[in-house]
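Okay, data_33.txt is below, compact mmCIF, C-alpha atoms:
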```
# COMPACT_ATOMS: atom_id res chain seq x y z
CA MET A 1 -8.84 -51.73 7.16
CA THR A 2 -7.34 -50.45 10.40
CA LEU A 3 -4.09 -48.48 10.52
CA GLN A 4 -2.34 -51.56 11.89
CA GLU A 5 -3.62 -53.78 9.08
CA LYS A 6 -2.69 -51.15 6.48
CA THR A 7 0.82 -50.87 7.91
CA LEU A 8 1.38 -54.63 8.00
CA HIS A 9 -0.08 -55.03 4.52
CA ARG A 10 2.23 -52.32 3.19
CA TYR A 11 5.18 -53.93 4.97
CA ARG A 12 4.34 -57.25 3.33
CA GLN A 13 4.11 -55.59 -0.08
CA LEU A 14 7.60 -54.14 0.35
CA TYR A 15 9.10 -57.25 1.98
CA PRO A 16 6.97 -60.04 0.48
CA ASN A 17 8.91 -63.10 1.50
CA GLN A 18 10.66 -62.00 4.64
CA PRO A 19 10.52 -64.60 7.42
CA LEU A 20 9.52 -63.62 10.95
CA ARG A 21 13.14 -63.86 12.10
CA GLU A 22 14.16 -61.11 9.68
CA ILE A 23 11.11 -58.98 10.43
CA SER A 24 12.06 -59.21 14.09
CA ALA A 25 15.66 -58.21 13.36
CA ARG A 26 14.60 -55.28 11.18
CA THR A 27 11.97 -53.89 13.52
CA GLY A 28 13.58 -54.80 16.82
CA ILE A 29 10.36 -56.50 17.94
CA GLN A 30 10.58 -59.98 19.48
CA ILE A 31 9.82 -62.80 17.05
CA THR A 32 6.89 -64.18 19.08
CA ARG A 33 5.44 -60.69 19.32
CA VAL A 34 5.80 -60.24 15.51
CA PHE A 35 3.89 -63.51 15.05
CA ARG A 36 1.12 -62.24 17.32
CA LEU A 37 0.95 -58.87 15.56
CA PHE A 38 0.54 -60.53 12.17
CA ASN A 39 -2.24 -62.59 13.69
CA GLY A 40 -4.24 -59.60 14.83
CA LYS A 41 -2.87 -58.67 18.24
CA ILE A 42 -3.20 -54.91 18.79
CA MET A 43 0.06 -52.99 18.23
CA LYS A 44 1.67 -50.56 20.60
CA VAL A 45 2.59 -47.13 19.23
CA GLY A 46 6.31 -47.97 19.36
CA GLU A 47 5.74 -51.14 17.32
CA LEU A 48 3.74 -49.24 14.73
CA GLU A 49 6.57 -46.73 14.50
CA ALA A 50 9.09 -49.56 14.06
CA PHE A 51 7.13 -50.94 11.10
CA GLU A 52 6.62 -47.44 9.66
CA SER A 53 10.33 -46.79 9.97
CA ALA A 54 11.15 -50.04 8.11
CA ILE A 55 8.65 -49.09 5.40
CA ASN A 56 10.15 -45.61 5.06
CA ALA A 57 13.65 -47.06 4.89
CA LYS A 58 12.61 -49.28 1.99
CA ILE A 59 10.89 -46.40 0.21
CA ALA A 60 13.96 -44.19 0.70
CA GLU A 61 15.97 -46.70 -1.36
CA ASN A 62 14.09 -45.28 -4.34
CA PRO A 63 14.85 -41.52 -4.55
CA SER A 64 12.27 -40.97 -7.31
CA PHE A 65 9.54 -41.67 -4.79
CA ALA A 66 10.30 -38.45 -2.90
CA LYS A 67 10.11 -36.55 -6.19
CA LEU A 68 6.83 -38.22 -7.06
CA SER A 69 5.37 -37.33 -3.65
CA SER A 70 6.36 -33.70 -3.99
CA VAL A 71 5.01 -33.46 -7.57
CA VAL A 72 1.74 -35.10 -6.54
CA GLU A 73 1.41 -32.61 -3.68
CA GLU A 74 1.92 -29.71 -6.07
CA ALA A 75 -0.40 -31.25 -8.66
CA SER A 76 -3.19 -31.59 -6.11
CA THR A 77 -3.25 -27.81 -5.67
CA ILE A 78 -2.84 -26.79 -9.32
CA LEU A 79 -4.45 -29.36 -11.60
CA THR A 80 -8.18 -29.79 -12.15
CA ASN A 81 -10.11 -32.78 -10.89
CA GLU A 82 -10.21 -34.26 -14.43
CA GLU A 83 -6.47 -33.90 -14.86
CA LEU A 84 -5.83 -35.52 -11.48
CA ALA A 85 -8.18 -38.36 -12.47
CA LYS A 86 -6.11 -38.94 -15.62
CA ILE A 87 -2.88 -39.08 -13.62
CA ALA A 88 -4.45 -41.41 -11.07
CA GLU A 89 -5.66 -43.64 -13.90
CA TYR A 90 -2.19 -43.62 -15.47
CA VAL A 91 -0.53 -44.63 -12.20
CA ALA A 92 -3.21 -47.26 -11.51
CA ARG A 93 -2.51 -48.82 -14.92
CA LYS A 94 1.21 -48.89 -14.27
CA VAL A 95 0.60 -50.58 -10.92
CA SER A 96 -1.85 -53.04 -12.45
CA ALA A 97 0.61 -54.06 -15.19
CA LYS A 98 3.37 -54.51 -12.64
CA THR A 99 1.11 -56.55 -10.36
CA PHE A 100 0.27 -58.92 -13.19
CA GLY A 101 3.99 -59.47 -13.70
CA ARG A 102 4.67 -60.48 -10.13
CA PHE A 103 4.30 -63.94 -8.72
CA TYR A 104 1.05 -64.28 -6.91
CA ILE A 105 1.37 -63.18 -3.32
CA LYS A 106 -1.56 -63.68 -1.01
CA PRO A 107 -2.67 -60.23 0.17
CA ASN A 108 -3.14 -61.42 3.75
CA PHE A 109 -0.90 -62.12 6.64
CA GLU A 110 -0.86 -65.92 6.53
CA SER A 111 2.53 -65.95 4.82
CA ALA A 112 4.02 -64.40 7.93
CA ILE A 113 3.38 -67.63 9.79
CA ILE A 114 5.90 -69.43 7.58
CA ALA A 115 9.03 -68.23 9.30
CA MET B 1 -8.69 -48.64 -12.81
CA LYS B 2 -11.21 -47.95 -15.54
CA GLY B 3 -11.74 -50.35 -18.42
CA LEU B 4 -9.13 -52.89 -19.37
CA SER B 5 -5.38 -52.81 -19.34
CA SER B 6 -3.61 -53.69 -22.59
CA LEU B 7 -2.70 -57.04 -21.03
CA GLU B 8 -6.33 -57.85 -20.26
CA ARG B 9 -7.40 -56.78 -23.75
CA ILE B 10 -4.78 -59.07 -25.33
CA ILE B 11 -6.12 -62.03 -23.38
CA LEU B 12 -9.69 -61.26 -24.45
CA GLU B 13 -8.57 -60.86 -28.08
CA SER B 14 -6.64 -64.13 -27.84
CA ILE B 15 -9.72 -65.99 -26.65
CA GLY B 16 -12.04 -64.22 -29.09
CA LYS B 17 -15.07 -66.33 -29.87
CA GLN B 18 -13.27 -69.57 -29.09
CA VAL B 19 -13.06 -71.81 -26.04
CA LEU B 20 -9.37 -72.22 -25.23
CA VAL B 21 -7.21 -73.97 -22.68
CA PHE B 22 -4.53 -72.05 -20.80
CA GLU B 23 -1.66 -73.12 -23.09
CA GLU B 24 -3.55 -72.00 -26.19
CA ILE B 25 -4.24 -68.59 -24.66
CA GLN B 26 -0.61 -68.28 -23.65
CA ASN B 27 0.52 -69.24 -27.13
CA GLN B 28 -1.83 -66.73 -28.74
CA SER B 29 -1.01 -63.86 -26.38
CA GLY B 30 2.72 -64.49 -26.05
CA LEU B 31 2.58 -63.49 -22.40
CA HIS B 32 4.82 -65.12 -19.81
CA GLU B 33 3.07 -68.04 -18.08
CA ASN B 34 2.88 -66.25 -14.75
CA VAL B 35 1.55 -62.99 -16.23
CA CYS B 36 -0.92 -64.84 -18.43
CA PHE B 37 -2.26 -66.79 -15.44
CA ASN B 38 -2.63 -63.67 -13.29
CA VAL B 39 -4.43 -61.73 -16.03
CA ILE B 40 -6.82 -64.61 -16.75
CA GLN B 41 -7.61 -64.92 -13.04
CA ALA B 42 -8.29 -61.17 -12.86
CA LEU B 43 -10.66 -61.45 -15.84
CA VAL B 44 -12.44 -64.44 -14.30
CA ILE B 45 -12.88 -62.53 -11.03
CA ARG B 46 -14.28 -59.54 -12.93
CA GLY B 47 -16.73 -61.87 -14.67
CA LEU B 48 -15.41 -61.12 -18.16
CA VAL B 49 -14.11 -64.64 -18.70
CA SER B 50 -15.79 -67.84 -17.59
CA THR B 51 -14.09 -71.17 -17.03
CA ASP B 52 -14.95 -74.79 -16.32
CA GLY B 53 -11.57 -75.18 -14.64
CA ALA B 54 -9.65 -76.11 -17.77
CA ARG B 55 -11.08 -74.13 -20.67
CA TYR B 56 -11.78 -70.42 -20.90
CA ARG B 57 -14.30 -68.41 -22.88
CA ILE B 58 -15.50 -64.82 -22.87
CA SER B 59 -18.64 -64.56 -20.77
CA GLU B 60 -21.72 -64.46 -22.91
CA LYS B 61 -23.86 -62.39 -20.60
CA LEU B 62 -21.96 -59.16 -20.19
CA SER B 63 -24.15 -56.33 -18.96
CA PRO B 64 -24.31 -53.13 -21.06
CA LEU B 65 -22.71 -51.35 -18.10
CA MET B 66 -19.76 -53.74 -18.23
CA ILE B 67 -19.41 -53.36 -22.00
CA GLU B 68 -19.48 -49.58 -21.61
CA GLU B 69 -16.79 -49.88 -18.93
CA ILE B 70 -14.58 -51.93 -21.25
CA ASN B 71 -15.12 -49.96 -24.42
CA GLY B 72 -15.88 -46.51 -23.02
CA LYS B 73 -14.04 -43.48 -24.40
CA GLU B 74 -11.92 -42.78 -21.32
CA ALA B 75 -10.88 -46.40 -20.88
CA LYS B 76 -9.97 -46.71 -24.56
CA GLU B 77 -7.93 -43.49 -24.43
CA ALA B 78 -5.96 -44.74 -21.44
CA GLU B 79 -5.34 -48.02 -23.25
CA TYR B 80 -4.16 -46.23 -26.42
CA LEU B 81 -1.71 -44.21 -24.34
CA GLU B 82 -0.43 -47.39 -22.69
CA LEU B 83 0.33 -48.96 -26.08
CA MET B 84 1.78 -45.76 -27.55
CA GLU B 85 4.05 -45.30 -24.56
CA ALA B 86 5.33 -48.86 -24.94
CA LEU B 87 5.90 -48.27 -28.64
CA VAL B 88 7.76 -45.00 -28.05
CA ALA B 89 9.94 -46.71 -25.43
CA GLN B 90 10.57 -49.79 -27.61
CA LYS B 91 14.28 -50.50 -28.01
CA ASP B 92 14.53 -53.25 -30.62
CA ASN B 93 13.30 -52.84 -34.20
CA ARG B 94 11.84 -49.47 -33.33
CA ILE B 95 9.84 -47.74 -36.02
CA PHE B 96 8.47 -44.43 -34.81
CA ARG B 97 8.31 -41.07 -36.49
CA LEU B 98 6.69 -37.88 -35.28
CA GLN B 99 7.15 -34.72 -37.29
CA LYS B 100 5.85 -31.18 -37.46
CA VAL B 101 5.28 -30.82 -41.18
CA ALA B 102 4.47 -27.65 -43.11
CA MET B 103 1.68 -28.66 -45.48
CA ASP B 104 -0.56 -26.60 -47.76
CA SER B 105 -4.24 -27.49 -48.03
CA ARG B 106 -3.73 -29.39 -51.29
CA ASP B 107 -1.02 -31.61 -49.80
CA GLU B 108 -3.12 -32.12 -46.70
CA LYS B 109 -5.95 -33.48 -48.86
CA ILE B 110 -3.50 -35.77 -50.65
CA PHE B 111 -2.13 -36.95 -47.31
CA ILE B 112 -5.61 -37.72 -45.96
CA ALA B 113 -6.39 -39.66 -49.15
CA MET B 114 -3.17 -41.63 -48.66
CA LEU B 115 -4.18 -42.41 -45.09
CA SER B 116 -7.50 -43.68 -46.40
CA ASN B 117 -5.63 -45.96 -48.83
CA LEU B 118 -3.39 -47.12 -46.02
CA GLU B 119 -6.43 -47.96 -43.90
CA SER B 120 -7.93 -50.06 -46.72
CA PHE B 121 -4.63 -51.84 -47.20
CA LEU B 122 -4.40 -52.66 -43.48
CA ALA B 123 -8.01 -53.86 -43.37
CA ASP B 124 -7.34 -56.21 -46.30
CA ALA B 125 -4.05 -57.43 -44.85
CA HIS B 126 -5.75 -58.17 -41.51
CA LYS B 127 -8.64 -60.00 -43.16
CA LYS B 128 -6.21 -62.12 -45.16
CA ALA B 129 -3.94 -63.13 -42.28
CA GLN B 130 -6.04 -63.00 -39.11
CA SER B 131 -6.71 -66.73 -39.05
CA THR B 132 -3.05 -67.66 -39.36
CA VAL B 133 -1.16 -64.94 -37.47
CA PRO B 134 -1.47 -65.26 -33.67
CA VAL B 135 -2.40 -62.17 -31.65
CA LYS B 136 1.15 -61.92 -30.25
CA GLU B 137 2.62 -61.45 -33.75
CA ARG B 138 0.21 -58.76 -34.88
CA LYS B 139 1.54 -55.26 -35.45
CA VAL B 140 0.50 -52.20 -33.50
CA ILE B 141 0.12 -49.31 -35.91
CA PHE B 142 -1.23 -45.87 -35.22
CA TRP B 143 -1.39 -42.52 -36.92
CA GLY B 144 -2.84 -39.14 -36.23
CA LEU B 145 -2.91 -35.59 -37.43
CA GLY B 146 -3.28 -32.40 -35.45
CA GLU B 147 -2.50 -28.72 -35.74
CA VAL B 148 0.31 -27.47 -33.54
CA HIS B 149 -1.54 -24.49 -32.06
CA GLN B 150 -4.62 -26.57 -31.23
CA LEU B 151 -2.55 -29.25 -29.56
CA MET B 152 -0.53 -26.69 -27.59
CA ASN B 153 -3.71 -25.01 -26.37
CA GLN B 154 -5.04 -28.39 -25.36
CA ILE B 155 -1.86 -29.14 -23.41
CA VAL B 156 -2.15 -25.83 -21.54
CA ALA B 157 -5.85 -26.37 -20.85
CA GLY B 158 -5.04 -29.90 -19.68
CA ASN B 159 -7.68 -31.64 -21.81
```

Starting from the file, lay out its structure as structure tokens.
Amino acid sequence: MTLQEKTLHRYRQLYPNQPLREISARTGIQITRVFRLFNGKIMKVGELEAFESAINAKIAENPSFAKLSSVVEEASTILTNEELAKIAEYVARKVSAKTFGRFYIKPNFESAIIA
Amino acid sequence: MKGLSSLERIILESIGKQVLVFEEIQNQSGLHENVCFNVIQALVIRGLVSTDGARYRISEKLSPLMIEEINGKEAKEAEYLELMEALVAQKDNRIFRLQKVAMDSRDEKIFIAMLSNLESFLADAHKKAQSTVPVKERKVIFWGLGEVHQLMNQIVAGN
């Protein structure tokens, strides 16, 4: 997956049902351009930054995430590989359980077409 | 993720050796329709459950590698923790007790004998009611015994 695909995928995970109009308003990118980007057109650096900024804004709504990031950073230097594997497994299970509880969302960019 | 999540295990236990339609699995597992559907689809994709479109059964030809993945020690441990965490966090009708008990060797032997009796009782109870009580209504029970210093050392060592 390219950086652009990863960014758009992450954006869609955080804003699953947002129509193109709202994506355009949030990122400041023209609606037709947003449509093209979700259909594979190569992004400019500024556009990537706009999506990243929207992603970071959403993440910042949850202050525990910053704490988690800092703890994970510390853990990566102190804990053994086995301990890190256990934590990763624990988080993966949490994510898996949560994913099962959500309505099925196609993990591609087709939904972006429905504006 | 290694092994199965508790949700996936519940679906497999609900199906058991039977061939069930979606509604029957949902009734057995007690999972919300949406969750139940997603978990079944995940199991079908992983090849653990097969379907003819309407009925579901556990795949008959599971490779030893797959069985090891499902029932391996690490996967089981993660699953135990998942259930224990849910039980500790349970709000309604919560029964949970953890104590550091001073016990001489005689009382420890008595306690272990009582646990053995408890295990026999639970095995009998399960045998008696397993055909009538759906998976969703079964009780999760666990017990354990450890020495404080050993457990503390283990926590420090990170095992």

Check every residue of chain A for an atom within 7 Å of chain B, counting all atoms listed in the file, and provide those that qualify as number ranges by chain. A: 83, 89, 92-93, 100-101, 103

For B:Gln99, the nearest of the candidates B:Ile10, B:Ala125, B:Val148, B:Ile15, counting only C-alpha atoms: B:Val148

Taking 2 positions as the minimum chain separation for residues in the same chain, which residues sit within 6 Å of stretch 3-20 of chain A when counting all atoms listed in the file? Answer as a list in words.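 Answer for this query is Met1, Glu22, Ile23, Ser24, Ile55 and Ala115 of chain A.
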
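Taking all atoms listed in the file, the non-local environment of A:Thr27 within 7 Å (same-chain residues fewer than 5 positions away omitted) comprises Ala50, Phe51 and Ala54 of chain A.
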
For stretch 5-20 of chain A, take all atoms listed in the file, fit an axis-aligned box around them, add 8 Å to each of the six sides, then output centre and edge lengths in Å rounded to one decimal, as lines of an AutoDock Vina configuration file.
```
center_x = 3.5
center_y = -57.7
center_z = 5.4
size_x = 30.3
size_y = 29.7
size_z = 27.0
```

Please measure the separation of atom CA of B:Arg57 and atom CA of B:Val21, giving the value in Å to one decimal.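 Straight-line distance from atom CA of B:Arg57 to atom CA of B:Val21 works out to 9.0 Å.
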
What is the distance between atom CA of B:Ser105 and atom CA of B:Val156, in Å to one decimal?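 Those two atoms sit 26.6 Å apart.
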
Using all atoms listed in the file, pick whichever of A:Thr2, A:Gly28, A:Phe35, A:Ile59 has the shortest atom-to-atom distance to A:Glu47.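 Under the stated criterion, the closest residue is A:Gly28.
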
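Interatomic distance, atom CA of B:Gln28 against atom CA of B:Glu137: 8.5 Å.
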
From the structure block, carefully write stretch 57-102 of chain B out with C-alpha atoms; format it as a PDB file, in the first residue's frame.
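Contents of decode.pdb, as written:
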```pdb
ATOM      1  CA  ARG B  57     -20.825 -26.085   9.822  1.00  0.00           C
ATOM      2  CA  ILE B  58     -17.304 -26.328  11.192  1.00  0.00           C
ATOM      3  CA  SER B  59     -14.943 -27.332   8.404  1.00  0.00           C
ATOM      4  CA  GLU B  60     -14.104 -30.983   8.558  1.00  0.00           C
ATOM      5  CA  LYS B  61     -10.664 -30.769   7.046  1.00  0.00           C
ATOM      6  CA  LEU B  62      -8.756 -28.477   9.362  1.00  0.00           C
ATOM      7  CA  SER B  63      -5.007 -28.838   9.002  1.00  0.00           C
ATOM      8  CA  PRO B  64      -2.969 -29.700  12.129  1.00  0.00           C
ATOM      9  CA  LEU B  65      -1.305 -26.300  11.719  1.00  0.00           C
ATOM     10  CA  MET B  66      -4.689 -24.592  11.890  1.00  0.00           C
ATOM     11  CA  ILE B  67      -5.751 -26.634  14.926  1.00  0.00           C
ATOM     12  CA  GLU B  68      -2.479 -25.741  16.639  1.00  0.00           C
ATOM     13  CA  GLU B  69      -3.125 -22.082  15.821  1.00  0.00           C
ATOM     14  CA  ILE B  70      -6.590 -22.245  17.374  1.00  0.00           C
ATOM     15  CA  ASN B  71      -5.732 -24.286  20.429  1.00  0.00           C
ATOM     16  CA  GLY B  72      -2.086 -23.347  20.939  1.00  0.00           C
ATOM     17  CA  LYS B  73      -0.891 -22.267  24.385  1.00  0.00           C
ATOM     18  CA  GLU B  74      -0.315 -18.597  23.556  1.00  0.00           C
ATOM     19  CA  ALA B  75      -3.645 -18.206  21.782  1.00  0.00           C
ATOM     20  CA  LYS B  76      -5.501 -19.880  24.640  1.00  0.00           C
ATOM     21  CA  GLU B  77      -3.765 -17.676  27.211  1.00  0.00           C
ATOM     22  CA  ALA B  78      -4.759 -14.532  25.323  1.00  0.00           C
ATOM     23  CA  GLU B  79      -8.323 -15.809  25.137  1.00  0.00           C
ATOM     24  CA  TYR B  80      -8.418 -16.581  28.882  1.00  0.00           C
ATOM     25  CA  LEU B  81      -7.240 -13.048  29.616  1.00  0.00           C
ATOM     26  CA  GLU B  82      -9.924 -11.627  27.334  1.00  0.00           C
ATOM     27  CA  LEU B  83     -12.657 -13.473  29.241  1.00  0.00           C
ATOM     28  CA  MET B  84     -11.169 -12.716  32.659  1.00  0.00           C
ATOM     29  CA  GLU B  85     -10.897  -9.036  31.831  1.00  0.00           C
ATOM     30  CA  ALA B  86     -14.545  -8.968  30.783  1.00  0.00           C
ATOM     31  CA  LEU B  87     -15.513 -10.749  33.978  1.00  0.00           C
ATOM     32  CA  VAL B  88     -13.498  -8.376  36.175  1.00  0.00           C
ATOM     33  CA  ALA B  89     -15.087  -5.398  34.396  1.00  0.00           C
ATOM     34  CA  GLN B  90     -18.615  -6.855  34.580  1.00  0.00           C
ATOM     35  CA  LYS B  91     -21.065  -4.432  36.191  1.00  0.00           C
ATOM     36  CA  ASP B  92     -24.287  -6.397  36.678  1.00  0.00           C
ATOM     37  CA  ASN B  93     -24.518  -9.502  38.866  1.00  0.00           C
ATOM     38  CA  ARG B  94     -20.785  -9.433  39.391  1.00  0.00           C
ATOM     39  CA  ILE B  95     -19.282 -12.320  41.306  1.00  0.00           C
ATOM     40  CA  PHE B  96     -15.531 -11.987  41.586  1.00  0.00           C
ATOM     41  CA  ARG B  97     -13.228 -12.543  44.509  1.00  0.00           C
ATOM     42  CA  LEU B  98      -9.449 -12.425  44.615  1.00  0.00           C
ATOM     43  CA  GLN B  99      -7.702 -12.757  47.942  1.00  0.00           C
ATOM     44  CA  LYS B 100      -4.237 -13.197  49.360  1.00  0.00           C
ATOM     45  CA  VAL B 101      -4.866 -15.904  51.931  1.00  0.00           C
ATOM     46  CA  ALA B 102      -2.497 -17.144  54.625  1.00  0.00           C
TER      47      ALA B 102
END
```
